[in-house]
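**Q** So here's my_file10.tsv, just TSV, C-alpha atoms and all ligand atoms:
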chain	number	residue	atom	x	y	z
A	1	MET	CA	35.47	-98.48	54.27
A	2	ILE	CA	34.19	-99.92	57.52
A	3	ARG	CA	32.10	-97.79	59.86
A	4	ILE	CA	32.16	-98.67	63.55
A	5	ASP	CA	29.72	-97.03	65.96
A	6	ILE	CA	30.49	-97.32	69.66
A	7	ALA	CA	27.61	-96.84	72.12
A	8	THR	CA	29.02	-95.89	75.52
A	9	LEU	CA	28.55	-93.76	78.61
A	10	PHE	CA	32.11	-92.47	78.12
A	11	PRO	CA	32.48	-91.36	74.49
A	12	GLU	CA	35.33	-88.96	75.33
A	13	MET	CA	37.38	-91.80	76.76
A	14	CYS	CA	36.99	-93.68	73.48
A	15	ARG	CA	37.66	-90.64	71.31
A	16	ALA	CA	40.84	-89.85	73.25
A	17	VAL	CA	42.28	-93.29	72.52
A	18	LEU	CA	41.07	-93.47	68.93
A	19	SER	CA	42.57	-90.10	68.02
A	20	GLU	CA	46.12	-91.29	68.76
A	21	SER	CA	48.77	-93.05	66.69
A	22	ILE	CA	47.97	-95.36	63.76
A	23	ILE	CA	44.20	-95.43	64.24
A	24	GLY	CA	44.03	-91.65	64.70
A	25	ARG	CA	45.99	-91.10	61.46
A	26	ALA	CA	43.87	-93.66	59.60
A	27	MET	CA	40.67	-91.89	60.73
A	28	LYS	CA	42.01	-88.52	59.60
A	29	ALA	CA	43.04	-90.00	56.26
A	30	GLY	CA	39.55	-91.46	55.84
A	31	TYR	CA	40.48	-95.18	55.83
A	32	ILE	CA	38.12	-95.94	58.71
A	33	ASP	CA	35.07	-94.23	60.14
A	34	ILE	CA	34.64	-94.65	63.90
A	35	ARG	CA	31.95	-92.75	65.80
A	36	CYS	CA	31.26	-92.65	69.51
A	37	HIS	CA	27.75	-92.11	70.88
A	38	ASN	CA	26.75	-91.15	74.40
A	39	ILE	CA	24.02	-93.45	75.74
A	40	ARG	CA	23.23	-90.76	78.32
A	41	ASP	CA	21.89	-88.56	75.50
A	42	TYR	CA	19.01	-91.05	75.34
A	43	ALA	CA	18.25	-91.08	79.08
A	44	GLY	CA	14.80	-89.58	78.51
A	45	ASN	CA	14.57	-88.02	82.01
A	46	LYS	CA	15.56	-84.65	83.41
A	47	HIS	CA	18.30	-86.08	85.64
A	48	ASN	CA	19.88	-87.96	82.72
A	49	ARG	CA	19.78	-91.17	84.71
A	50	VAL	CA	20.62	-94.30	82.79
A	51	ASP	CA	20.99	-96.85	85.60
A	52	ASP	CA	19.04	-98.24	88.50
A	53	LYS	CA	19.27	-100.75	91.34
A	54	PRO	CA	19.22	-104.41	90.36
A	55	TYR	CA	16.03	-106.38	90.99
A	56	GLY	CA	16.68	-108.98	93.66
A	57	GLY	CA	19.23	-106.77	95.37
A	58	GLY	CA	22.99	-106.80	95.19
A	59	THR	CA	25.81	-104.30	94.93
A	60	GLY	CA	26.04	-101.63	92.26
A	61	MET	CA	23.80	-100.29	89.54
A	62	VAL	CA	22.58	-101.81	86.30
A	63	MET	CA	22.31	-99.87	83.04
A	64	GLN	CA	18.68	-99.62	81.95
A	65	ALA	CA	17.44	-101.15	78.73
A	66	GLN	CA	15.58	-98.19	77.21
A	67	PRO	CA	18.41	-95.62	76.84
A	68	ILE	CA	20.64	-98.30	75.31
A	69	TYR	CA	17.88	-99.39	72.97
A	70	ASP	CA	17.14	-95.81	71.87
A	71	CYS	CA	20.82	-95.07	71.32
A	72	ILE	CA	21.30	-98.18	69.18
A	73	ASN	CA	18.11	-97.42	67.25
A	74	ALA	CA	19.34	-93.92	66.47
A	75	ILE	CA	22.54	-95.46	65.07
A	76	ARG	CA	20.55	-98.06	63.14
A	77	ALA	CA	18.45	-95.28	61.61
A	78	GLU	CA	21.69	-93.90	60.11
A	79	VAL	CA	23.50	-97.09	59.08
A	80	GLY	CA	20.67	-99.54	58.42
A	81	GLU	CA	18.59	-102.02	60.41
A	82	ASP	CA	20.64	-105.04	59.36
A	83	VAL	CA	23.85	-103.89	61.05
A	84	GLY	CA	25.53	-106.39	63.41
A	85	ILE	CA	25.61	-105.48	67.10
A	86	ILE	CA	28.26	-106.63	69.53
A	87	TYR	CA	27.97	-106.28	73.28
A	88	MET	CA	31.36	-106.34	75.03
A	89	SER	CA	30.87	-108.69	77.94
A	90	PRO	CA	32.97	-110.93	80.19
A	91	GLN	CA	30.32	-113.57	79.49
A	92	GLY	CA	30.86	-113.52	75.73
A	93	LYS	CA	32.94	-115.77	73.54
A	94	PRO	CA	36.63	-114.90	73.95
A	95	LEU	CA	37.90	-112.70	71.14
A	96	THR	CA	40.30	-114.38	68.70
A	97	GLN	CA	42.12	-113.24	65.58
A	98	GLN	CA	39.77	-115.54	63.64
A	99	LYS	CA	36.80	-113.54	64.91
A	100	VAL	CA	38.59	-110.26	64.16
A	101	LYS	CA	39.19	-111.42	60.56
A	102	GLU	CA	35.49	-112.21	60.21
A	103	LEU	CA	34.37	-108.84	61.59
A	104	ALA	CA	36.97	-106.93	59.58
A	105	ARG	CA	35.17	-108.00	56.38
A	106	LEU	CA	31.99	-106.13	57.39
A	107	ASP	CA	31.23	-102.60	56.28
A	108	ARG	CA	29.30	-101.61	59.42
A	109	LEU	CA	29.27	-102.62	63.04
A	110	ILE	CA	27.84	-101.36	66.34
A	111	ILE	CA	29.72	-102.02	69.57
A	112	LEU	CA	27.89	-101.62	72.87
A	113	CYS	CA	29.80	-100.96	76.11
A	114	GLY	CA	28.33	-101.79	79.49
A	115	HIS	CA	29.43	-100.18	82.74
A	116	TYR	CA	28.85	-100.50	86.50
A	117	GLU	CA	27.27	-103.91	87.21
A	118	GLY	CA	26.47	-104.38	83.54
A	119	ILE	CA	23.26	-103.92	81.56
A	120	ASP	CA	19.67	-105.13	81.75
A	121	CYS	CA	19.92	-108.42	79.87
A	122	ARG	CA	16.62	-107.87	78.05
A	123	VAL	CA	18.14	-105.26	75.78
A	124	THR	CA	20.78	-107.57	74.28
A	125	GLU	CA	18.07	-110.20	73.74
A	126	GLU	CA	15.84	-107.66	72.02
A	127	LEU	CA	18.70	-106.37	69.87
A	128	GLY	CA	20.01	-109.84	69.02
A	129	ALA	CA	23.47	-108.68	70.06
A	130	GLN	CA	26.43	-111.01	69.97
A	131	GLU	CA	28.53	-111.04	73.16
A	132	ILE	CA	32.31	-110.88	72.91
A	133	SER	CA	34.77	-111.00	75.77
A	134	VAL	CA	38.39	-109.85	75.76
A	135	GLY	CA	39.34	-112.50	78.29
A	136	ASP	CA	38.27	-114.34	81.38
A	137	PHE	CA	38.57	-111.40	83.73
A	138	VAL	CA	36.41	-108.39	84.52
A	139	VAL	CA	37.15	-104.71	83.91
A	140	THR	CA	35.03	-101.78	85.05
A	141	GLY	CA	33.49	-100.97	81.69
A	142	GLY	CA	33.17	-102.12	78.09
A	143	GLU	CA	35.15	-99.15	76.75
A	144	LEU	CA	38.64	-100.69	76.90
A	145	PRO	CA	37.39	-104.01	75.47
A	146	ALA	CA	35.52	-102.11	72.71
A	147	LEU	CA	38.65	-100.13	71.90
A	148	MET	CA	40.68	-103.32	71.68
A	149	LEU	CA	38.18	-104.85	69.30
A	150	THR	CA	37.94	-101.65	67.26
A	151	ASP	CA	41.72	-101.39	67.00
A	152	ALA	CA	42.08	-105.04	65.96
A	153	ILE	CA	39.45	-104.59	63.22
A	154	ALA	CA	40.73	-101.18	62.12
A	155	ARG	CA	44.31	-102.30	61.55
A	156	MET	CA	43.09	-104.87	59.04
A	157	GLN	CA	41.40	-102.25	56.86
A	158	GLU	CA	43.02	-101.20	53.63
A	159	GLY	CA	45.33	-98.20	54.00
A	160	VAL	CA	45.65	-98.38	57.79
A	161	LEU	CA	48.90	-100.38	57.82
A	162	PRO	CA	51.51	-100.16	55.03
A	163	ASN	CA	50.50	-103.53	53.48
A	164	THR	CA	48.72	-106.80	54.31
A	165	ASP	CA	52.01	-108.41	55.44
A	166	ALA	CA	51.96	-105.98	58.37
A	167	TYR	CA	49.11	-107.95	59.92
A	168	SER	CA	49.00	-111.29	58.09
A	169	ARG	CA	52.52	-112.26	59.15
A	170	GLU	CA	51.89	-111.59	62.79
A	171	SER	CA	51.04	-113.82	65.72
A	172	HIS	CA	47.69	-115.63	65.55
A	173	TYR	CA	46.84	-114.72	61.95
A	174	GLU	CA	47.57	-118.27	60.79
A	175	GLY	CA	47.23	-119.84	64.22
A	176	LEU	CA	50.92	-119.58	65.12
A	177	LEU	CA	53.01	-117.05	67.04
A	178	GLU	CA	55.44	-114.79	65.21
A	179	TYR	CA	59.18	-115.50	65.05
A	180	PRO	CA	61.46	-113.41	67.34
A	181	GLN	CA	62.28	-109.89	66.11
A	182	TYR	CA	65.60	-108.01	66.38
A	183	THR	CA	66.74	-104.50	65.56
A	184	ARG	CA	70.00	-102.55	65.90
A	185	PRO	CA	72.56	-102.90	67.46
A	186	GLU	CA	73.83	-106.27	66.19
A	187	VAL	CA	75.08	-107.19	69.66
A	188	TRP	CA	73.34	-105.98	72.81
A	189	LYS	CA	74.48	-106.99	76.29
A	190	GLY	CA	76.45	-109.84	74.73
A	191	ARG	CA	73.43	-111.15	72.81
A	192	ALA	CA	73.97	-111.27	69.07
A	193	VAL	CA	71.37	-111.15	66.34
A	194	PRO	CA	71.18	-114.60	64.64
A	195	GLN	CA	73.66	-114.71	61.74
A	196	VAL	CA	71.04	-115.77	59.23
A	197	LEU	CA	69.24	-112.43	59.62
A	198	LEU	CA	72.41	-110.60	58.61
A	199	SER	CA	73.15	-112.90	55.67
A	200	GLY	CA	71.02	-111.10	53.10
A	201	ASP	CA	69.85	-114.52	51.89
A	202	HIS	CA	66.12	-113.96	51.62
A	203	ALA	CA	65.18	-117.63	51.23
A	204	GLN	CA	67.22	-118.62	54.29
A	205	VAL	CA	65.70	-115.79	56.33
A	206	GLU	CA	62.20	-116.93	55.38
A	207	LYS	CA	63.04	-120.52	56.31
A	208	TRP	CA	64.44	-119.41	59.68
A	209	GLN	CA	61.39	-117.27	60.37
A	210	GLU	CA	59.01	-120.11	59.60
A	211	GLN	CA	60.95	-122.52	61.77
A	212	MET	CA	61.18	-120.04	64.64
A	213	SER	CA	57.49	-119.35	64.38
A	214	TRP	CA	56.76	-123.04	64.98
A	215	GLN	CA	59.34	-123.29	67.72
A	216	THR	CA	58.09	-120.18	69.51
A	217	THR	CA	54.53	-121.48	69.40
A	218	LEU	CA	55.60	-124.88	70.67
A	219	GLU	CA	57.48	-123.28	73.57
A	220	LYS	CA	55.10	-120.50	74.55
A	221	ARG	CA	51.65	-121.72	73.49
A	222	PRO	CA	51.65	-125.43	72.68
A	223	ASP	CA	47.87	-125.36	73.07
A	224	LEU	CA	47.68	-123.42	69.79
A	225	LEU	CA	49.34	-126.27	67.93
A	226	THR	CA	46.82	-128.67	69.35
A	227	ALA	CA	43.82	-126.53	68.65
A	228	ARG	CA	44.53	-124.73	65.39
A	229	LYS	CA	43.94	-125.93	61.90
A	230	LYS	CA	45.21	-124.36	58.73
A	231	ASP	CA	43.12	-124.87	55.61
A	232	GLY	CA	41.35	-127.71	57.40
A	233	SER	CA	44.57	-129.62	58.07
A	234	PRO	CA	45.87	-129.98	61.58
A	235	TYR	CA	49.23	-128.55	62.48
A	236	ALA	CA	51.14	-131.72	63.12
A	237	LYS	CA	54.53	-130.82	61.81
A	238	TYR	CA	56.51	-131.37	64.95
A	239	LEU	CA	55.22	-134.73	65.88
A	240	ASP	CA	54.67	-136.31	62.54
A	241	PHE	CA	55.85	-139.88	62.27
A	242	SER	CA	55.04	-142.82	60.09
A	243	VAL	CA	54.55	-146.47	60.74
A	244	ASN	CA	56.89	-149.00	59.17
A	245	ALA	CA	56.03	-152.33	57.64
A	246	GLU	CA	55.88	-154.09	61.02
A	247	GLY	CA	53.47	-151.52	62.29
A	248	PHE	CA	55.84	-149.93	64.83
A	249	PRO	CA	56.82	-146.28	64.78
A	250	ASP	CA	60.07	-145.50	62.99
A	251	GLU	CA	60.60	-142.28	64.82
A	252	ALA	CA	59.48	-143.15	68.28
A	253	ASP	CA	62.18	-140.95	69.77
A	254	LEU	CA	60.68	-137.98	68.08
A	255	ALA	CA	57.05	-138.51	68.76
A	256	VAL	CA	55.70	-141.35	70.80
A	257	LEU	CA	58.30	-141.08	73.51
A	258	ARG	CA	57.01	-137.62	74.20
A	259	LEU	CA	53.73	-139.16	75.14
A	260	ALA	CA	55.07	-141.15	78.00
A	261	ARG	CA	55.74	-138.64	80.73
A	262	GLN	CA	57.95	-140.25	83.31
A	263	LYS	CA	56.89	-137.85	86.02
A	264	LEU	CA	53.27	-138.43	85.26
A	265	LEU	CA	52.98	-142.13	84.89
A	266	THR	CA	52.49	-144.55	87.71
A	267	SER	CA	54.48	-147.77	87.49
A	268	ALA	CA	51.31	-149.67	86.60
A	269	GLU	CA	50.67	-147.26	83.77
A	270	LYS	CA	54.25	-147.51	82.62
A	271	LYS	CA	53.91	-151.28	82.47
A	272	MET	CA	50.74	-150.88	80.49
A	273	PHE	CA	52.50	-148.44	78.25
A	274	VAL	CA	55.32	-150.87	77.64
A	275	LYS	CA	52.71	-153.39	76.61
A	276	ILE	CA	51.24	-150.88	74.19
A	277	ASN	CA	54.55	-150.44	72.45
A	278	LYS	CA	57.80	-152.12	73.39
A	279	TYR	CA	59.77	-149.19	71.99
A	280	LEU	CA	58.41	-146.87	74.63
A	281	ALA	CA	60.12	-148.52	77.57
A	282	GLU	CA	63.21	-146.30	77.52
A	283	LYS	CA	64.02	-142.59	77.57
A	284	LEU	CA	60.80	-141.08	78.78
A	285	PRO	CA	60.74	-137.29	78.55
A	286	ASP	CA	60.29	-135.16	81.63
A	287	LYS	CA	58.57	-132.07	80.40
A	288	ARG	CA	54.80	-131.70	80.49
A	289	ASP	CA	53.32	-129.91	77.52
A	290	ASN	CA	50.61	-130.40	74.98
A	291	ILE	CA	50.87	-133.27	72.61
A	292	HIS	CA	50.00	-133.43	69.00
A	293	ILE	CA	50.61	-136.56	66.95
A	294	LEU	CA	49.92	-137.47	63.40
A	295	ILE	CA	49.94	-141.15	62.69
A	296	LYS	CA	50.23	-142.06	59.04
A	297	SER	CA	48.88	-145.52	58.67
A	298	GLU	CA	46.48	-147.47	56.54
A	299	ALA	CA	45.78	-149.62	59.57
A	300	ARG	CA	42.58	-148.47	61.17
A	301	ASP	CA	42.90	-151.15	63.84
A	302	MET	CA	45.86	-149.28	65.30
A	303	THR	CA	43.34	-146.91	66.76
A	304	ASP	CA	42.53	-149.35	69.53
A	305	MET	CA	46.14	-149.64	70.49
A	306	TYR	CA	46.36	-145.90	71.01
A	307	LEU	CA	43.09	-145.67	72.89
A	308	SER	CA	44.84	-146.99	75.99
A	309	LEU	CA	47.36	-144.24	75.56
A	310	CYS	CA	44.55	-141.71	75.31
A	311	ASP	CA	43.16	-142.97	78.59
A	312	ILE	CA	46.47	-142.42	80.34
A	313	LEU	CA	46.80	-138.93	78.95
A	314	LYS	CA	43.25	-138.09	79.90
A	315	ALA	CA	43.77	-139.35	83.42
A	316	HIS	CA	46.75	-137.01	83.74
A	317	LYS	CA	44.90	-134.08	82.18
A	318	VAL	CA	47.41	-133.73	79.36
A	319	ASN	CA	45.98	-131.96	76.33
A	320	PHE	CA	46.35	-133.99	73.22
A	321	ASN	CA	44.95	-134.86	69.90
A	322	ILE	CA	45.71	-137.73	67.62
A	323	ILE	CA	45.03	-137.77	63.94
A	324	PHE	CA	45.12	-140.90	61.86
A	325	THR	CA	45.66	-140.40	58.17
A	326	ASP	CA	46.23	-142.76	55.30
A	327	PHE	CA	49.59	-142.63	53.53
A	328	ALA	CA	48.29	-140.00	51.15
A	329	GLY	CA	47.61	-137.76	54.16
A	330	LYS	CA	43.81	-138.02	54.11
A	331	ILE	CA	42.38	-137.96	57.62
A	332	ILE	CA	40.84	-141.26	58.62
A	333	ARG	CA	40.03	-140.45	62.19
A	334	GLU	CA	40.78	-137.67	64.63
A	335	TYR	CA	40.83	-137.54	68.41
A	336	ASP	CA	40.72	-133.92	69.39
A	337	ASP	CA	41.07	-132.98	73.05
A	338	PHE	CA	39.20	-136.03	74.22
A	339	LEU	CA	36.68	-135.56	71.47
A	340	VAL	CA	36.22	-138.25	68.86
A	341	THR	CA	35.16	-136.85	65.54
A	342	GLU	CA	33.75	-138.83	62.69
A	343	PRO	CA	36.12	-139.79	59.90
A	344	GLU	CA	36.12	-137.46	56.90
A	345	LYS	CA	34.11	-138.66	53.94
B	1	LIG	C1	32.00	-104.74	85.85
B	1	LIG	S1	31.50	-105.30	84.28
B	1	LIG	C2	30.03	-106.18	84.64
B	1	LIG	C3	30.27	-107.62	84.90
B	1	LIG	C4	29.00	-108.41	85.13
B	1	LIG	N1	28.35	-107.99	86.35
B	1	LIG	C5	29.33	-109.89	85.23
B	1	LIG	O1	29.68	-110.35	86.31
B	1	LIG	O2	29.29	-110.59	84.19
B	1	LIG	C6	30.92	-103.87	83.49
B	1	LIG	C7	31.02	-103.90	81.99
B	1	LIG	O3	32.37	-104.03	81.60
B	1	LIG	C8	32.46	-104.72	80.37
B	1	LIG	N2	33.41	-105.82	80.57
B	1	LIG	C9	33.97	-106.24	81.72
B	1	LIG	N3	34.82	-107.24	81.55
B	1	LIG	C10	34.83	-107.51	80.22
B	1	LIG	C11	35.49	-108.46	79.41
B	1	LIG	N4	36.33	-109.36	79.93
B	1	LIG	N5	35.28	-108.44	78.09
B	1	LIG	C12	34.41	-107.55	77.55
B	1	LIG	N6	33.75	-106.62	78.26
B	1	LIG	C13	33.93	-106.60	79.58
B	1	LIG	C14	31.05	-105.15	79.98
B	1	LIG	O4	30.56	-104.28	79.00
B	1	LIG	C15	30.29	-105.01	81.28
B	1	LIG	O5	28.94	-104.69	81.08
As structure tokens - that is how I would like this structure written.
Ligand SMILES: C[S@@+](CC[C@H](N)C(=O)[O-])C[C@H]1O[C@@H](n2cnc3c(N)ncnc32)[C@H](O)[C@@H]1O
**A**
Amino acid sequence: MIRIDIATLFPEMCRAVLSESIIGRAMKAGYIDIRCHNIRDYAGNKHNRVDDKPYGGGTGMVMQAQPIYDCINAIRAEVGEDVGIIYMSPQGKPLTQQKVKELARLDRLIILCGHYEGIDCRVTEELGAQEISVGDFVVTGGELPALMLTDAIARMQEGVLPNTDAYSRESHYEGLLEYPQYTRPEVWKGRAVPQVLLSGDHAQVEKWQEQMSWQTTLEKRPDLLTARKKDGSPYAKYLDFSVNAEGFPDEADLAVLRLARQKLLTSAEKKMFVKINKYLAEKLPDKRDNIHILIKSEARDMTDMYLSLCDILKAHKVNFNIIFTDFAGKIIREYDDFLVTEPEK
């Protein structure tokens, strides 16, 4: 069972949230152990002051290092010195499901919440705390971010949800978004539930869900398809095409045509593009989104041909990556968001 200790100036705020719903029930049932500690208890002065004016001036107050340090040390005395410490901070690495999975495997964790203008930076250095952000925006205190992180970790613990499917088949777990969900009635405001979901054919339902998961991701968050990898292989399903004997794409309609954005290209670029591949002259698509292509080819020298294409995409700030594999699917070379990685050995 994981134990999470939250160090905060507002323990009651955290307890109130954690006592509700699924997490509250899981705590009562003993599947998770979450404790909230008041940093003010470690103020060490008769006025219980834990903050002071920032050196160098500026608005607001900064939380002092010593009370935080003493609070964390008291927790460490209970759970062990080697416990990981996370400081919720808008300057940290953005939280992802990948990170949640990693943290959910631990058996102990301390989460530190800042407030006001933040905390004296020396304390996180001294504690070796890792900074995690819940997004590129600022809230008034670390409590809501800490509760989000705690909730995300807690729901992955055994016994908290009915089974592992309850979290592993959801958005982000495998780098994709979930398929659309429906419940009764079958028709609502003229919108019917897709027939396949009523068919009782389990295999067909699974197939539909997988397909919709890809489609939803492509529509709502194409950046995830570009960025994510599953088991080390890029998600390239939608724009996978092969190269025929003459070295030209068979399925240019499907893939390469998507690269030439009529609204984006200047006529000079279009001409250049036509030179790159004569099949790209017609039918240019009009929608800007992220691009992900997998080129199956033994021909390494094709790389140069597509480099001009990369330049055009870069110039227009279109996110893309291109992966060259051999016919067996082994990656030869990968261009990832303007980044050229070395071929796999
Ligand atoms: C008002 S913020 C301080 C922001 C800080 N002065 C800065 O500009 O980076 C107060 C506290 O809220 C928490 N906080 C604010 N935004 C956050 C975010 N996006 N993710 C995680 N914690 C956040 C942090 O614990 C922080 O110490």
**Q** Using only C-alpha atoms, which residues sit within 10 Å of stretch 68-81 of chain A once same-chain residues fewer than 5 positions away are excluded, as a PyMOL selection string?
**A** chain A and resi 3-9+35+37-44+50+63+107-114+119-120+122-124+126-127
**Q** Residues at most 12 Å from ligand LIG 1 (chain B), using all atoms listed in the file? Could they come as an NGL selection string?
**A** :A and (6-10 or 54 or 58-64 or 68 or 86-95 or 111-121 or 124 or 130-149)
**Q** Which is closest to A:Glu20 among A:Thr164, A:Asp151, A:Ser199, A:Glu210, if we use only C-alpha atoms?
**A**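 Of all the options, A:Asp151 lies closest to A:Glu20.
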**Q** Do you have the atom CA of A:Leu198-atom CA of A:Glu219 distance handy?
**A**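 Taking atom CA of A:Leu198 as the start and atom CA of A:Glu219 as the end point, the length is 24.6 Å.
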**Q** When you draw a straight line from atom CA of A:Ala26 to atom CA of A:Val160, how long is it in Å?
**A** 5.4 Å
**Q** Within 9 Å of (43.6, -115.5, 61.3), all atoms listed in the file: residues as a PyMOL selection string?
**A** chain A and resi 96-102+168+171-175
**Q** Restricted to C-alpha atoms, what would the selected residues look like written as a PDB file, in the frame of the given file?
**A**
ATOM      1  CA  THR A  96      40.300-114.380  68.700  1.00  0.00           C
ATOM      2  CA  GLN A  97      42.120-113.240  65.580  1.00  0.00           C
ATOM      3  CA  GLN A  98      39.770-115.540  63.640  1.00  0.00           C
ATOM      4  CA  LYS A  99      36.800-113.540  64.910  1.00  0.00           C
ATOM      5  CA  VAL A 100      38.590-110.260  64.160  1.00  0.00           C
ATOM      6  CA  LYS A 101      39.190-111.420  60.560  1.00  0.00           C
ATOM      7  CA  GLU A 102      35.490-112.210  60.210  1.00  0.00           C
ATOM      8  CA  SER A 168      49.000-111.290  58.090  1.00  0.00           C
ATOM      9  CA  SER A 171      51.040-113.820  65.720  1.00  0.00           C
ATOM     10  CA  HIS A 172      47.690-115.630  65.550  1.00  0.00           C
ATOM     11  CA  TYR A 173      46.840-114.720  61.950  1.00  0.00           C
ATOM     12  CA  GLU A 174      47.570-118.270  60.790  1.00  0.00           C
ATOM     13  CA  GLY A 175      47.230-119.840  64.220  1.00  0.00           C
TER      14      GLY A 175
END
**Q** Find the residues with any atom within 12 Å of (58.2, -110.4, 65.2); use all atoms listed in the file and the coordinates as given in the file, and write the answer as a JSON list (two decimals) with C-alpha atoms, in the frame of the given file.
**A**
[["chain", "number", "residue", "atom", "x", "y", "z"],
["A", 165, "ASP", "CA", 52.01, -108.41, 55.44],
["A", 166, "ALA", "CA", 51.96, -105.98, 58.37],
["A", 167, "TYR", "CA", 49.11, -107.95, 59.92],
["A", 168, "SER", "CA", 49.00, -111.29, 58.09],
["A", 169, "ARG", "CA", 52.52, -112.26, 59.15],
["A", 170, "GLU", "CA", 51.89, -111.59, 62.79],
["A", 171, "SER", "CA", 51.04, -113.82, 65.72],
["A", 172, "HIS", "CA", 47.69, -115.63, 65.55],
["A", 176, "LEU", "CA", 50.92, -119.58, 65.12],
["A", 177, "LEU", "CA", 53.01, -117.05, 67.04],
["A", 178, "GLU", "CA", 55.44, -114.79, 65.21],
["A", 179, "TYR", "CA", 59.18, -115.50, 65.05],
["A", 180, "PRO", "CA", 61.46, -113.41, 67.34],
["A", 181, "GLN", "CA", 62.28, -109.89, 66.11],
["A", 182, "TYR", "CA", 65.60, -108.01, 66.38],
["A", 183, "THR", "CA", 66.74, -104.50, 65.56],
["A", 209, "GLN", "CA", 61.39, -117.27, 60.37],
["A", 210, "GLU", "CA", 59.01, -120.11, 59.60],
["A", 212, "MET", "CA", 61.18, -120.04, 64.64],
["A", 213, "SER", "CA", 57.49, -119.35, 64.38],
["A", 216, "THR", "CA", 58.09, -120.18, 69.51]]
**Q** What separation in Å, quoted to one decimal, exists between atom CA of A:Gly84 and atom CA of A:Pro162?
**A**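 Computing it gives 28.0 Å between the two atoms.
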